[in-house]
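Q: Structure file run-v8.txt (compact mmCIF, C-alpha atoms) right here:
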```
# COMPACT_ATOMS: atom_id res chain seq x y z
CA MET Q 25 -7.47 0.38 -9.11
CA LYS Q 26 -8.81 1.31 -5.69
CA ASN Q 27 -5.77 -0.28 -4.05
CA LEU Q 28 -3.40 1.85 -6.12
CA LEU Q 29 -4.83 5.18 -5.03
CA LYS Q 30 -3.94 6.94 -1.82
CA THR Q 31 -6.87 7.42 0.49
CA LEU Q 32 -6.68 11.21 0.32
CA THR Q 33 -6.63 11.19 -3.47
CA LEU Q 34 -9.63 8.86 -3.62
CA ILE Q 35 -11.60 11.05 -1.22
CA SER Q 36 -10.79 14.11 -3.34
CA ILE Q 37 -11.95 12.38 -6.52
CA LEU Q 38 -15.19 11.25 -4.88
CA ALA Q 39 -15.81 14.75 -3.57
CA LEU Q 40 -15.27 16.27 -7.02
CA THR Q 41 -17.50 13.67 -8.62
CA SER Q 42 -20.23 14.34 -6.07
CA CYS Q 43 -20.06 18.08 -6.68
CA SER Q 44 -20.12 17.53 -10.43
CA ASN Q 45 -23.22 15.31 -10.25
CA GLU Q 46 -24.95 17.77 -7.95
CA GLU Q 47 -24.18 20.64 -10.33
CA THR Q 48 -25.49 18.66 -13.32
CA THR Q 49 -28.67 17.83 -11.42
CA ASP Q 50 -29.12 21.44 -10.37
CA ASN Q 51 -28.58 22.68 -13.92
CA GLY Q 52 -31.08 20.12 -15.19
CA SER Q 53 -33.65 21.21 -12.63
CA GLU Q 54 -33.08 24.87 -13.50
CA ASN Q 55 -33.54 24.11 -17.20
CA ASP Q 56 -36.73 22.17 -16.45
CA GLN Q 57 -38.07 25.09 -14.41
CA ALA Q 58 -37.18 27.59 -17.13
CA ILE Q 59 -39.04 25.49 -19.72
CA THR Q 60 -42.07 25.21 -17.43
CA GLU Q 61 -42.17 28.98 -16.97
CA MET Q 62 -41.96 29.54 -20.74
CA GLU Q 63 -44.81 27.13 -21.34
CA GLN Q 64 -46.99 29.08 -18.89
CA THR Q 65 -46.53 32.38 -20.76
CA PRO Q 66 -49.83 33.71 -22.23
CA LEU Q 67 -49.66 34.21 -26.00
CA ALA Q 68 -51.55 37.06 -27.66
CA ALA Q 69 -54.47 35.91 -29.81
CA ASN Q 70 -53.43 37.99 -32.82
CA ASP Q 71 -49.85 36.68 -32.63
CA VAL Q 72 -51.15 33.13 -32.82
CA ALA Q 73 -53.61 33.95 -35.62
CA ASP Q 74 -50.84 35.59 -37.66
CA ASN Q 75 -48.43 32.67 -37.35
CA VAL Q 76 -50.47 29.52 -37.93
CA VAL Q 77 -50.40 27.59 -41.20
CA ILE Q 78 -53.71 25.91 -42.07
CA ASN Q 79 -54.12 23.99 -45.31
CA GLY Q 80 -57.48 24.82 -46.86
CA GLY Q 81 -57.88 27.83 -44.56
CA THR Q 82 -58.81 31.37 -45.62
CA LYS Q 83 -58.08 34.15 -43.15
CA ASN Q 84 -60.85 36.74 -42.80
CA VAL Q 85 -61.00 39.92 -40.75
CA GLY Q 86 -63.83 40.09 -38.23
CA VAL Q 87 -65.86 37.39 -36.47
CA PRO Q 88 -67.29 34.11 -37.83
CA PRO Q 89 -70.94 33.86 -38.98
CA THR Q 90 -73.53 33.43 -36.25
CA PRO Q 91 -74.32 29.73 -35.68
CA ASN Q 92 -77.85 28.33 -35.80
CA GLU Q 93 -76.70 25.35 -33.66
CA ALA Q 94 -78.62 22.93 -35.90
CA ILE Q 95 -75.75 20.42 -35.92
CA SER Q 96 -73.57 19.09 -33.12
CA LEU Q 97 -69.85 19.42 -32.41
CA ASP Q 98 -67.72 17.39 -30.03
CA VAL Q 99 -64.01 18.25 -29.66
CA SER Q 100 -63.52 16.53 -26.30
CA SER Q 101 -60.94 14.15 -27.80
CA SER Q 102 -58.75 17.03 -28.96
CA SER Q 103 -55.38 17.41 -27.29
CA SER Q 104 -54.60 20.40 -25.11
CA THR Q 105 -50.97 20.20 -26.22
CA ALA Q 106 -49.22 21.76 -29.20
CA PHE Q 107 -45.57 21.56 -30.28
CA LEU Q 108 -43.04 24.03 -31.62
CA GLY Q 109 -42.88 24.04 -35.41
CA GLU Q 110 -45.63 21.40 -35.54
CA GLY Q 111 -48.83 22.84 -34.13
CA PHE Q 112 -51.77 20.73 -33.01
CA ASP Q 113 -54.72 18.65 -34.20
CA ILE Q 114 -58.41 19.19 -33.49
CA GLU Q 115 -60.47 15.98 -33.34
CA ILE Q 116 -63.94 16.75 -34.67
CA THR Q 117 -67.06 14.63 -34.19
CA SER Q 118 -70.51 15.74 -35.40
CA ASP Q 119 -73.91 14.24 -36.13
CA ALA Q 120 -73.74 15.90 -39.57
CA VAL Q 121 -71.48 15.50 -42.58
CA VAL Q 122 -69.35 18.58 -41.97
CA VAL Q 123 -67.46 20.25 -44.81
CA GLY Q 124 -65.88 23.22 -43.08
CA ALA Q 125 -64.90 24.90 -39.84
CA TYR Q 126 -64.59 28.42 -38.46
CA LEU Q 127 -61.59 28.85 -36.18
CA GLN Q 128 -60.77 31.90 -34.07
CA PHE Q 129 -57.99 32.31 -31.51
CA LYS Q 130 -58.32 33.66 -28.02
CA SER Q 131 -55.83 34.71 -25.37
CA ASN Q 132 -56.08 33.56 -21.76
CA ASP Q 133 -57.55 36.90 -20.69
CA GLY Q 134 -60.51 36.42 -23.05
CA VAL Q 135 -59.39 38.73 -25.87
CA VAL Q 136 -60.19 37.20 -29.28
CA SER Q 137 -58.18 37.70 -32.43
CA ASP Q 138 -59.18 40.31 -35.01
CA SER Q 139 -59.49 37.58 -37.62
CA TYR Q 140 -60.77 34.04 -38.06
CA TYR Q 141 -60.14 31.15 -40.46
CA ASP Q 142 -62.73 29.61 -42.76
CA ILE Q 143 -61.37 26.09 -43.37
CA ASP Q 144 -62.28 23.60 -46.06
CA LEU Q 145 -61.91 20.30 -44.18
CA ASN Q 146 -61.36 18.19 -47.31
CA SER Q 147 -58.51 20.46 -48.45
CA ASN Q 148 -57.05 20.41 -44.95
CA ALA Q 149 -57.05 16.61 -44.85
CA ALA Q 150 -55.55 16.35 -48.34
CA GLY Q 151 -52.66 18.60 -47.43
CA LYS Q 152 -51.23 16.60 -44.55
CA ALA Q 153 -49.30 13.36 -44.26
CA SER Q 154 -50.97 10.29 -42.80
CA ARG Q 155 -50.58 10.03 -39.04
CA ASN Q 156 -48.55 7.09 -37.80
CA SER Q 157 -47.64 5.72 -34.43
CA PHE Q 158 -44.76 3.51 -33.41
CA ASP Q 159 -45.57 0.00 -32.23
CA PHE Q 160 -42.74 -0.84 -29.84
CA SER Q 161 -43.83 -4.45 -29.64
CA ARG Q 162 -43.43 -5.06 -33.38
CA LYS Q 163 -40.98 -2.23 -34.08
CA LEU Q 164 -42.82 -0.97 -37.14
CA LEU Q 165 -44.93 2.06 -37.96
CA LYS Q 166 -48.66 1.50 -38.14
CA SER Q 167 -51.52 3.74 -39.22
CA VAL Q 168 -53.68 5.19 -36.47
CA SER Q 169 -57.27 3.96 -36.83
CA LYS Q 170 -60.08 6.50 -36.73
CA GLU Q 171 -63.84 6.35 -36.56
CA GLU Q 172 -65.58 6.82 -39.91
CA ASN Q 173 -67.41 9.99 -38.86
CA ASP Q 174 -64.40 11.61 -37.18
CA THR Q 175 -62.44 14.41 -38.82
CA THR Q 176 -59.02 15.69 -37.82
CA LEU Q 177 -58.27 19.37 -38.44
CA ASP Q 178 -54.53 20.00 -38.72
CA VAL Q 179 -53.20 23.37 -37.53
CA ASP Q 180 -49.48 24.00 -38.05
CA PHE Q 181 -47.14 26.66 -36.64
CA ASN Q 182 -44.42 28.67 -38.28
CA THR Q 183 -41.22 29.39 -36.36
CA ASN Q 184 -42.55 32.62 -34.80
CA ILE Q 185 -44.74 30.87 -32.23
CA ALA Q 186 -42.94 30.34 -28.93
CA PRO Q 187 -43.84 28.12 -25.95
CA GLY Q 188 -46.89 29.40 -24.08
CA THR Q 189 -50.65 29.12 -23.71
CA PHE Q 190 -53.66 30.24 -25.74
CA CYS Q 191 -57.20 29.09 -26.54
CA TYR Q 192 -59.21 28.64 -29.70
CA VAL Q 193 -62.92 28.69 -30.49
CA ILE Q 194 -64.25 26.43 -33.24
CA CYS Q 195 -67.56 25.87 -35.05
CA VAL Q 196 -68.20 23.41 -37.88
CA TYR Q 197 -70.70 23.69 -40.73
CA ASP Q 198 -72.31 21.33 -43.23
CA GLY Q 199 -73.14 21.70 -46.92
CA GLU Q 200 -76.56 23.21 -46.14
CA GLY Q 201 -75.14 26.11 -44.17
CA ASN Q 202 -75.94 24.77 -40.70
CA ILE Q 203 -73.39 25.86 -38.11
CA SER Q 204 -72.71 24.18 -34.78
CA ALA Q 205 -72.49 25.93 -31.44
CA PRO Q 206 -68.92 27.07 -30.70
CA SER Q 207 -66.58 25.00 -28.57
CA GLU Q 208 -63.51 26.35 -26.79
CA VAL Q 209 -60.26 24.49 -26.09
CA CYS Q 210 -57.16 25.87 -24.36
CA VAL Q 211 -53.74 24.74 -25.51
CA THR Q 212 -50.20 24.72 -24.13
CA VAL Q 213 -47.38 25.01 -26.66
CA GLU Q 214 -44.74 22.65 -25.31
CA ALA Q 215 -41.04 23.34 -25.68
CA TRP Q 216 -38.90 20.46 -26.90
CA GLY Q 217 -37.38 18.64 -23.94
CA GLY Q 218 -38.83 19.32 -20.53
CA ASN Q 219 -37.53 16.67 -18.11
CA SER Q 220 -33.79 16.32 -17.55
CA SER Q 221 -34.31 12.96 -15.83
CA LEU Q 222 -35.16 11.48 -19.23
CA VAL Q 223 -31.85 12.50 -20.78
CA ALA Q 224 -29.95 9.21 -21.14
CA ASN Q 225 -29.22 6.26 -23.38
CA TRP Q 226 -32.08 3.85 -22.60
CA GLU Q 227 -31.86 0.14 -23.45
CA LEU Q 228 -34.99 -1.99 -23.75
CA THR Q 229 -34.86 -4.97 -21.35
CA LYS Q 230 -38.31 -6.56 -21.52
CA GLU Q 231 -41.91 -6.17 -22.67
CA GLU Q 232 -45.17 -7.11 -20.95
CA ASN Q 233 -48.43 -7.67 -22.78
CA ILE Q 234 -51.15 -7.37 -20.13
CA THR Q 235 -54.64 -8.60 -21.07
CA PRO Q 236 -57.71 -9.13 -18.85
CA ASP Q 237 -56.93 -12.84 -18.72
CA GLU Q 238 -53.16 -13.18 -18.83
CA THR Q 239 -49.82 -11.39 -18.79
CA PHE Q 240 -47.15 -12.29 -21.36
CA VAL Q 241 -43.52 -11.36 -20.74
CA PHE Q 242 -40.91 -11.05 -23.52
CA GLU Q 243 -37.24 -10.65 -22.67
CA VAL Q 244 -34.91 -8.85 -25.05
CA GLY Q 245 -32.55 -11.34 -26.69
CA GLU Q 246 -34.77 -14.33 -25.83
CA PRO Q 247 -36.78 -16.04 -28.63
CA ASP Q 248 -40.57 -15.89 -28.34
CA CYS Q 249 -41.85 -19.08 -29.99
CA ASN Q 250 -45.27 -20.39 -30.92
CA GLU Q 251 -46.16 -23.89 -32.07
CA ALA Q 252 -48.36 -24.40 -35.13
CA THR Q 253 -49.89 -27.33 -37.04
CA LEU Q 254 -50.61 -27.17 -40.75
CA SER Q 255 -52.86 -29.50 -42.75
CA CYS Q 256 -51.25 -30.59 -46.00
CA ASP Q 257 -51.38 -33.12 -48.85
CA GLY Q 258 -55.12 -32.64 -49.39
CA ALA Q 259 -55.67 -32.50 -45.60
CA GLN Q 260 -54.68 -36.15 -45.32
CA GLN Q 261 -51.59 -35.26 -43.32
CA SER Q 262 -50.42 -32.53 -41.03
CA VAL Q 263 -47.07 -31.09 -40.09
CA SER Q 264 -46.16 -29.40 -36.82
CA PHE Q 265 -43.52 -26.69 -36.50
CA GLU Q 266 -42.42 -23.74 -34.40
CA LEU Q 267 -42.02 -20.09 -35.38
CA CYS Q 268 -39.96 -17.71 -33.26
CA SER Q 269 -39.31 -14.00 -33.10
CA THR Q 270 -36.50 -12.31 -31.20
CA GLN Q 271 -36.02 -8.70 -30.19
CA ASP Q 272 -32.24 -8.34 -30.52
CA TYR Q 273 -32.10 -4.89 -28.98
CA GLY Q 274 -33.99 -1.63 -28.58
CA ILE Q 275 -32.15 1.61 -27.87
CA MET Q 276 -33.72 5.01 -27.24
CA GLU Q 277 -31.37 7.94 -26.81
CA ILE Q 278 -32.96 11.08 -25.35
CA ARG Q 279 -30.79 14.20 -25.52
CA SER Q 280 -30.78 17.45 -23.58
CA ASP Q 281 -31.23 19.53 -26.76
CA GLY Q 282 -34.75 18.13 -27.24
CA THR Q 283 -33.81 15.54 -29.87
CA PHE Q 284 -34.03 11.74 -29.71
CA SER Q 285 -33.11 8.67 -31.71
CA LEU Q 286 -34.57 5.16 -31.74
CA ASP Q 287 -32.84 2.02 -32.98
CA PHE Q 288 -34.75 -1.28 -32.80
CA LYS Q 289 -33.59 -4.52 -34.38
CA GLY Q 290 -34.89 -8.09 -34.36
CA THR Q 291 -35.76 -11.19 -36.35
CA GLU Q 292 -38.95 -13.06 -37.18
CA GLU Q 293 -39.34 -16.53 -38.68
CA ASP Q 294 -41.71 -17.21 -41.57
CA TYR Q 295 -42.44 -19.90 -44.17
CA ASP Q 296 -44.04 -20.30 -47.60
CA PHE Q 297 -47.60 -21.49 -47.01
CA ASN Q 298 -48.23 -22.87 -50.51
CA THR Q 299 -45.03 -24.91 -50.57
CA ALA Q 300 -45.67 -26.28 -47.09
CA THR Q 301 -49.22 -27.42 -47.87
CA SER Q 302 -48.19 -29.17 -51.09
CA THR Q 303 -45.03 -30.89 -49.78
CA CYS Q 304 -45.80 -31.28 -46.06
CA GLU Q 305 -42.40 -29.75 -45.39
CA VAL Q 306 -41.95 -26.41 -43.68
CA ALA Q 307 -38.84 -24.49 -44.71
CA ILE Q 308 -38.45 -21.77 -42.10
CA GLU Q 309 -36.77 -18.53 -43.12
CA GLU Q 310 -35.36 -16.02 -40.66
CA LEU Q 311 -36.16 -12.43 -41.60
CA GLU Q 312 -34.54 -9.35 -40.10
CA TYR Q 313 -36.18 -6.03 -39.35
CA ARG Q 314 -34.70 -2.77 -38.11
CA VAL Q 315 -36.12 0.70 -37.51
CA GLN Q 316 -34.06 3.85 -36.93
CA ILE Q 317 -35.86 7.12 -36.18
CA ASN Q 318 -34.62 10.62 -35.35
CA GLY Q 319 -36.72 13.53 -34.17
CA ASN Q 320 -37.74 15.75 -31.25
CA TRP Q 321 -39.23 14.92 -27.86
CA ALA Q 322 -41.33 16.71 -25.25
CA TYR Q 323 -42.49 15.73 -21.78
CA VAL Q 324 -45.59 16.94 -19.91
CA ASN Q 325 -44.64 16.48 -16.27
CA ASP Q 326 -48.07 16.67 -14.64
CA GLU Q 327 -49.32 13.93 -17.00
CA ASN Q 328 -46.13 11.81 -17.11
CA ARG Q 329 -46.60 12.04 -20.87
CA LEU Q 330 -43.83 11.58 -23.42
CA THR Q 331 -44.27 12.70 -27.02
CA LEU Q 332 -41.88 11.69 -29.80
CA VAL Q 333 -42.13 13.38 -33.21
CA GLY Q 334 -40.00 11.83 -35.96
CA TYR Q 335 -38.41 13.60 -38.93
CA SER Q 336 -36.17 10.88 -40.39
CA PHE Q 337 -37.00 7.17 -40.72
CA LEU Q 338 -34.84 4.32 -41.94
CA THR Q 339 -36.59 0.94 -41.98
CA LEU Q 340 -35.40 -2.50 -42.98
CA ASP Q 341 -38.60 -4.48 -43.36
CA PHE Q 342 -37.74 -8.11 -44.12
CA GLY Q 343 -35.23 -7.38 -46.88
CA GLU Q 344 -36.61 -4.08 -48.16
CA THR Q 345 -35.04 -0.80 -47.05
CA GLN Q 346 -36.97 2.45 -47.03
CA GLU Q 347 -35.79 5.93 -46.04
CA GLU Q 348 -38.10 8.91 -45.40
CA PHE Q 349 -37.54 12.51 -44.32
CA TYR Q 350 -40.08 15.07 -43.11
CA SER Q 351 -39.74 18.82 -42.78
CA GLY Q 352 -40.85 20.91 -39.81
CA GLY Q 353 -44.62 21.00 -39.54
CA ASN Q 354 -44.91 17.58 -41.19
CA GLY Q 355 -43.30 15.38 -38.55
CA GLU Q 356 -44.77 11.94 -37.85
CA LEU Q 357 -46.13 11.14 -34.42
CA VAL Q 358 -43.98 8.26 -33.19
CA TYR Q 359 -45.27 7.96 -29.64
CA ASP Q 360 -47.57 9.97 -27.39
CA GLY Q 361 -48.39 8.40 -24.06
CA LEU Q 362 -47.44 7.43 -20.54
CA ALA Q 363 -43.75 7.37 -19.57
CA GLN Q 364 -42.67 7.01 -15.94
CA ILE Q 365 -39.17 7.13 -14.47
CA ASP Q 366 -38.17 5.19 -11.35
CA GLY Q 367 -34.46 5.51 -10.69
CA ASN Q 368 -32.66 3.96 -13.65
CA THR Q 369 -35.85 2.44 -15.09
CA LEU Q 370 -38.11 4.03 -17.69
CA LEU Q 371 -41.54 2.46 -18.16
CA ILE Q 372 -43.46 3.27 -21.35
CA THR Q 373 -47.08 2.10 -21.52
CA GLU Q 374 -49.33 1.75 -24.55
CA ARG Q 375 -53.00 1.14 -23.76
CA TYR Q 376 -55.32 -0.39 -26.32
CA ALA Q 377 -58.68 -2.09 -26.81
CA SER Q 378 -58.27 -5.83 -27.19
CA PHE Q 379 -61.87 -6.51 -28.18
CA SER Q 380 -64.33 -5.12 -30.72
CA ASP Q 381 -66.19 -3.01 -28.16
CA ASP Q 382 -63.29 -0.48 -28.15
CA ILE Q 383 -62.97 -0.61 -24.36
CA ILE Q 384 -59.37 0.13 -23.33
CA ASP Q 385 -58.68 -2.91 -21.21
CA SER Q 386 -55.18 -4.07 -22.20
CA SER Q 387 -51.72 -2.59 -22.26
CA TYR Q 388 -48.18 -3.11 -23.43
CA ASN Q 389 -45.39 -2.18 -21.02
CA TYR Q 390 -41.82 -1.52 -22.19
CA TYR Q 391 -39.03 -1.47 -19.63
CA PHE Q 392 -35.86 0.48 -20.39
CA GLU Q 393 -32.70 0.76 -18.29
CA LYS Q 394 -29.96 3.37 -18.48
```
Now that the file is in, can you turn its structure into structure tokens?
A:
Amino acid sequence: MKNLLKTLTLISILALTSCSNEETTDNGSENDQAITEMEQTPLAANDVADNVVINGGTKNVGVPPTPNEAISLDVSSSSSTAFLGEGFDIEITSDAVVVGAYLQFKSNDGVVSDSYYDIDLNSNAAGKASRNSFDFSRKLLKSVSKEENDTTLDVDFNTNIAPGTFCYVICVYDGEGNISAPSEVCVTVEAWGGNSSLVANWELTKEENITPDETFVFEVGEPDCNEATLSCDGAQQSVSFELCSTQDYGIMEIRSDGTFSLDFKGTEEDYDFNTATSTCEVAIEELEYRVQINGNWAYVNDENRLTLVGYSFLTLDFGETQEEFYSGGNGELVYDGLAQIDGNTLLITERYASFSDDIIDSSYNYYFEK
């Protein structure tokens, strides 16, 4: 086609294309800056207090009861990020069996709200959906594990809360009336979207499982196989075989309007254990899985942190199809972690503890190209 165009025409087209790309980039940067400025806007404490939705919470005028500080409170694991229409979670750890919490809001200039919430933690937990995360490596939703003594307090927003910043002060109490010392956490309400460089159709190319001892690499479209040996016929014989799994594709579309979609599909091989042990023959069956998720995304630039909140889920789990929908305020956490862009490559990293001591010493890297 290049040979069919006159040189002048080609130069004109290239010039127009260059200007168009520059304008798109500039518009994206301007939008990113506008979102950043919105997120830095201080929110009035009473405005926040009047527009939160807290299951199990009773709103009272005045200040919370004076604490005797006889029990402890640790909220250091709580996130400093909240999301439009969703709110935020407070991770509570105490040396006591806590049954309730007092929550009061505070603006950045130190002004506290005229009211506070007395929250029944059991009612709060009963009123929310189970938190899930998305395991890119296996393409399925999995429950997030929690320590036995930890409690998560769920605070939702209605649609009147805009992007901005505020703080909250929290105390917890036990069944004997002991009240912890107050703890303060400041929060940024993130707007959906936030980084125009992420807006693209991203295709998964490979995965890396990095452990302290070894790194495993899995290419999309290439079978990942493991050999196995099974004792059979009363353990007098054994049969060897190979099971493979293949990631057919993984597509993540991130849009400029703050929405996203995920579509992951693959196959895994399995066999019937009882039949194999009795006959010494392994009949391998290929099973297909697929996950499609739609929702909203946000990006915290100074942390390189991507958050995906899902509202519709369609899963094909080895022959069984399930469809789920969630309303605003009840979205499922799909991913919340490190995401770094380098040119046309997006690297998403999940860190996890590979041993029982809960030390984060391993990671899973997912490489996407646009």
Q: Range 95-137 of chain Q near range 67-77 of chain Q within 6 Å: what's each residue's closest atom pair and its distance in Å to one decimal, counting only C-alpha atoms, ordered by chain then ascending residue number, as a Markdown table?
A:
```
| residue | atom | partner | partner_atom | distance |
| --- | --- | --- | --- | --- |
| Q:Phe129 | CA | Q:Ala69 | CA | 5.3 |
| Q:Lys130 | CA | Q:Ala69 | CA | 4.8 |
| Q:Ser131 | CA | Q:Ala69 | CA | 4.8 |
| Q:Val136 | CA | Q:Ala69 | CA | 5.9 |
| Q:Ser137 | CA | Q:Asn70 | CA | 4.8 |
```
Q: Filtering to C-alpha atoms, could you give me those residues as a PDB file, keeping the file's coordinate frame?
A:
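See selection.pdb below for the written result:
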```
ATOM      1  CA  PHE Q 129     -57.990  32.310 -31.510  1.00  0.00           C
ATOM      2  CA  LYS Q 130     -58.320  33.660 -28.020  1.00  0.00           C
ATOM      3  CA  SER Q 131     -55.830  34.710 -25.370  1.00  0.00           C
ATOM      4  CA  VAL Q 136     -60.190  37.200 -29.280  1.00  0.00           C
ATOM      5  CA  SER Q 137     -58.180  37.700 -32.430  1.00  0.00           C
TER       6      SER Q 137
END
```
Q: Which of these, Q:Glu393, Q:Glu344, Q:Glu93, Q:Asp287, has the shortest distance to Ala205 in chain Q once you count all atoms listed in the file?
A: Q:Glu93
Q: I'd like the neighbourhood of Glu266 in chain Q as a list in words, where a residue qualifies if any of its atoms comes within 10 Å (using all atoms listed in the file), though same-chain residues fewer than 6 positions away should be ignored.
A: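 Non-adjacent residues within range: Cys249, Asn250, Glu251, Ala252, Thr253, Glu293, Asp294, Val306 and Ile308 of chain Q.
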Q: Restricting the calculation to all atoms listed in the file, which member of Q:Tyr141, Q:Trp321, Q:Phe190, Q:Phe297 is positioned closest to Glu63 in chain Q?
A: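 Closest to Glu63 in chain Q of all the choices is Q:Phe190.
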Q: Residues near Thr369 in chain Q, anyone? I mean within 9 Å using all atoms listed in the file, not counting same-chain ones fewer than 2 positions away, as number ranges by chain.
A: Q: 226, 364-367, 371, 391-394
Q: Take the residues from that selection and write them out as an mmCIF file, in the coordinates of the input, keeping C-alpha atoms.
A:
```
data_model
loop_
_atom_site.group_PDB
_atom_site.id
_atom_site.type_symbol
_atom_site.label_atom_id
_atom_site.label_comp_id
_atom_site.auth_asym_id
_atom_site.auth_seq_id
_atom_site.Cartn_x
_atom_site.Cartn_y
_atom_site.Cartn_z
ATOM 1 C CA TRP Q 226 -32.080 3.850 -22.600
ATOM 2 C CA GLN Q 364 -42.670 7.010 -15.940
ATOM 3 C CA ILE Q 365 -39.170 7.130 -14.470
ATOM 4 C CA ASP Q 366 -38.170 5.190 -11.350
ATOM 5 C CA GLY Q 367 -34.460 5.510 -10.690
ATOM 6 C CA LEU Q 371 -41.540 2.460 -18.160
ATOM 7 C CA TYR Q 391 -39.030 -1.470 -19.630
ATOM 8 C CA PHE Q 392 -35.860 0.480 -20.390
ATOM 9 C CA GLU Q 393 -32.700 0.760 -18.290
ATOM 10 C CA LYS Q 394 -29.960 3.370 -18.480
#
```
Q: What does the distance from CA of Glu115 in chain Q to CA of Glu356 in chain Q come to in Å, to one decimal?
A: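 It comes out at 16.8 Å.
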Q: Provide the CA of Gly111 in chain Q to CA of Phe181 in chain Q distance in Å, to one decimal place.
A: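 Between these atoms lies a distance of 4.9 Å.
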Q: Of the candidates Q:Ala224, Q:Val99, Q:Val263, Q:Val135, which one gets nearest to Ser207 in chain Q if we count only C-alpha atoms?
A: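 Residue with the minimum atom-to-atom distance to Ser207 in chain Q: Q:Val99.
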Q: With distances taken over all atoms listed in the file, which of Q:Ile203, Q:Leu177, Q:Leu338, Q:Ile143 is nearest to Arg314 in chain Q?
A: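 Checking each of Q:Ile203, Q:Leu177, Q:Leu338, Q:Ile143 against Arg314 in chain Q, counting all atoms listed in the file, the winner is Q:Leu338.
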Q: For CA of Gly86 in chain Q and CA of Gln64 in chain Q, determine how far apart the two atoms are, in Å to one decimal place.
A: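 Those two atoms sit 27.9 Å apart.
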Q: Hey, which of Q:Pro91, Q:Gly81, Q:Gly353, Q:Pro206 ends up closest to Ser147 in chain Q? Count all atoms listed in the file.
A: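 The answer is Q:Gly81, which sits nearest to Ser147 in chain Q.
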Q: Give me the residues within 12 Å of Gln260 in chain Q as a list in words, counting only C-alpha atoms and dropping any in the same chain fewer than 6 places off.
A: Leu254, Thr301, Ser302, Thr303 and Cys304 of chain Q
Q: Using all atoms of range 111-125 of chain Q listed in the file and a margin of 8 Å per side, can you give the axis-aligned box centre and edge lengths in Å to one decimal, as lines of an AutoDock Vina configuration file?
A:
```
center_x = -61.4
center_y = 19.6
center_z = -38.9
size_x = 41.1
size_y = 26.7
size_z = 27.8
```
Q: Near range 100-102 of chain Q, within 8 Å and counting all atoms listed in the file, which residues show up once chain neighbours fewer than 4 positions away are dropped, as a PDB file with C-alpha atoms, in the coordinates of the input?
A:
```pdb
ATOM      1  CA  ASP Q 113     -54.720  18.650 -34.200  1.00  0.00           C
ATOM      2  CA  ILE Q 114     -58.410  19.190 -33.490  1.00  0.00           C
ATOM      3  CA  GLU Q 115     -60.470  15.980 -33.340  1.00  0.00           C
ATOM      4  CA  ILE Q 116     -63.940  16.750 -34.670  1.00  0.00           C
TER       5      ILE Q 116
END
```
Q: Do you know which residues lie at most 12 Å from (-34.8, 8.5, -32.3), with coordinates as in the file and all atoms listed in the file counted, and could you write them as a PyMOL selection string?
A: chain Q and resi 158+225-226+274-279+282-288+315-321+331-338+356-359
Q: Using C-alpha atoms, can you write the selected residues to a file as a PDB file, in the frame of the given file?
A:
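Output below, filename result-v5.pdb:
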```pdb
ATOM      1  CA  PHE Q 158     -44.760   3.510 -33.410  1.00  0.00           C
ATOM      2  CA  ASN Q 225     -29.220   6.260 -23.380  1.00  0.00           C
ATOM      3  CA  TRP Q 226     -32.080   3.850 -22.600  1.00  0.00           C
ATOM      4  CA  GLY Q 274     -33.990  -1.630 -28.580  1.00  0.00           C
ATOM      5  CA  ILE Q 275     -32.150   1.610 -27.870  1.00  0.00           C
ATOM      6  CA  MET Q 276     -33.720   5.010 -27.240  1.00  0.00           C
ATOM      7  CA  GLU Q 277     -31.370   7.940 -26.810  1.00  0.00           C
ATOM      8  CA  ILE Q 278     -32.960  11.080 -25.350  1.00  0.00           C
ATOM      9  CA  ARG Q 279     -30.790  14.200 -25.520  1.00  0.00           C
ATOM     10  CA  GLY Q 282     -34.750  18.130 -27.240  1.00  0.00           C
ATOM     11  CA  THR Q 283     -33.810  15.540 -29.870  1.00  0.00           C
ATOM     12  CA  PHE Q 284     -34.030  11.740 -29.710  1.00  0.00           C
ATOM     13  CA  SER Q 285     -33.110   8.670 -31.710  1.00  0.00           C
ATOM     14  CA  LEU Q 286     -34.570   5.160 -31.740  1.00  0.00           C
ATOM     15  CA  ASP Q 287     -32.840   2.020 -32.980  1.00  0.00           C
ATOM     16  CA  PHE Q 288     -34.750  -1.280 -32.800  1.00  0.00           C
ATOM     17  CA  VAL Q 315     -36.120   0.700 -37.510  1.00  0.00           C
ATOM     18  CA  GLN Q 316     -34.060   3.850 -36.930  1.00  0.00           C
ATOM     19  CA  ILE Q 317     -35.860   7.120 -36.180  1.00  0.00           C
ATOM     20  CA  ASN Q 318     -34.620  10.620 -35.350  1.00  0.00           C
ATOM     21  CA  GLY Q 319     -36.720  13.530 -34.170  1.00  0.00           C
ATOM     22  CA  ASN Q 320     -37.740  15.750 -31.250  1.00  0.00           C
ATOM     23  CA  TRP Q 321     -39.230  14.920 -27.860  1.00  0.00           C
ATOM     24  CA  THR Q 331     -44.270  12.700 -27.020  1.00  0.00           C
ATOM     25  CA  LEU Q 332     -41.880  11.690 -29.800  1.00  0.00           C
ATOM     26  CA  VAL Q 333     -42.130  13.380 -33.210  1.00  0.00           C
ATOM     27  CA  GLY Q 334     -40.000  11.830 -35.960  1.00  0.00           C
ATOM     28  CA  TYR Q 335     -38.410  13.600 -38.930  1.00  0.00           C
ATOM     29  CA  SER Q 336     -36.170  10.880 -40.390  1.00  0.00           C
ATOM     30  CA  PHE Q 337     -37.000   7.170 -40.720  1.00  0.00           C
ATOM     31  CA  LEU Q 338     -34.840   4.320 -41.940  1.00  0.00           C
ATOM     32  CA  GLU Q 356     -44.770  11.940 -37.850  1.00  0.00           C
ATOM     33  CA  LEU Q 357     -46.130  11.140 -34.420  1.00  0.00           C
ATOM     34  CA  VAL Q 358     -43.980   8.260 -33.190  1.00  0.00           C
ATOM     35  CA  TYR Q 359     -45.270   7.960 -29.640  1.00  0.00           C
TER      36      TYR Q 359
END
```
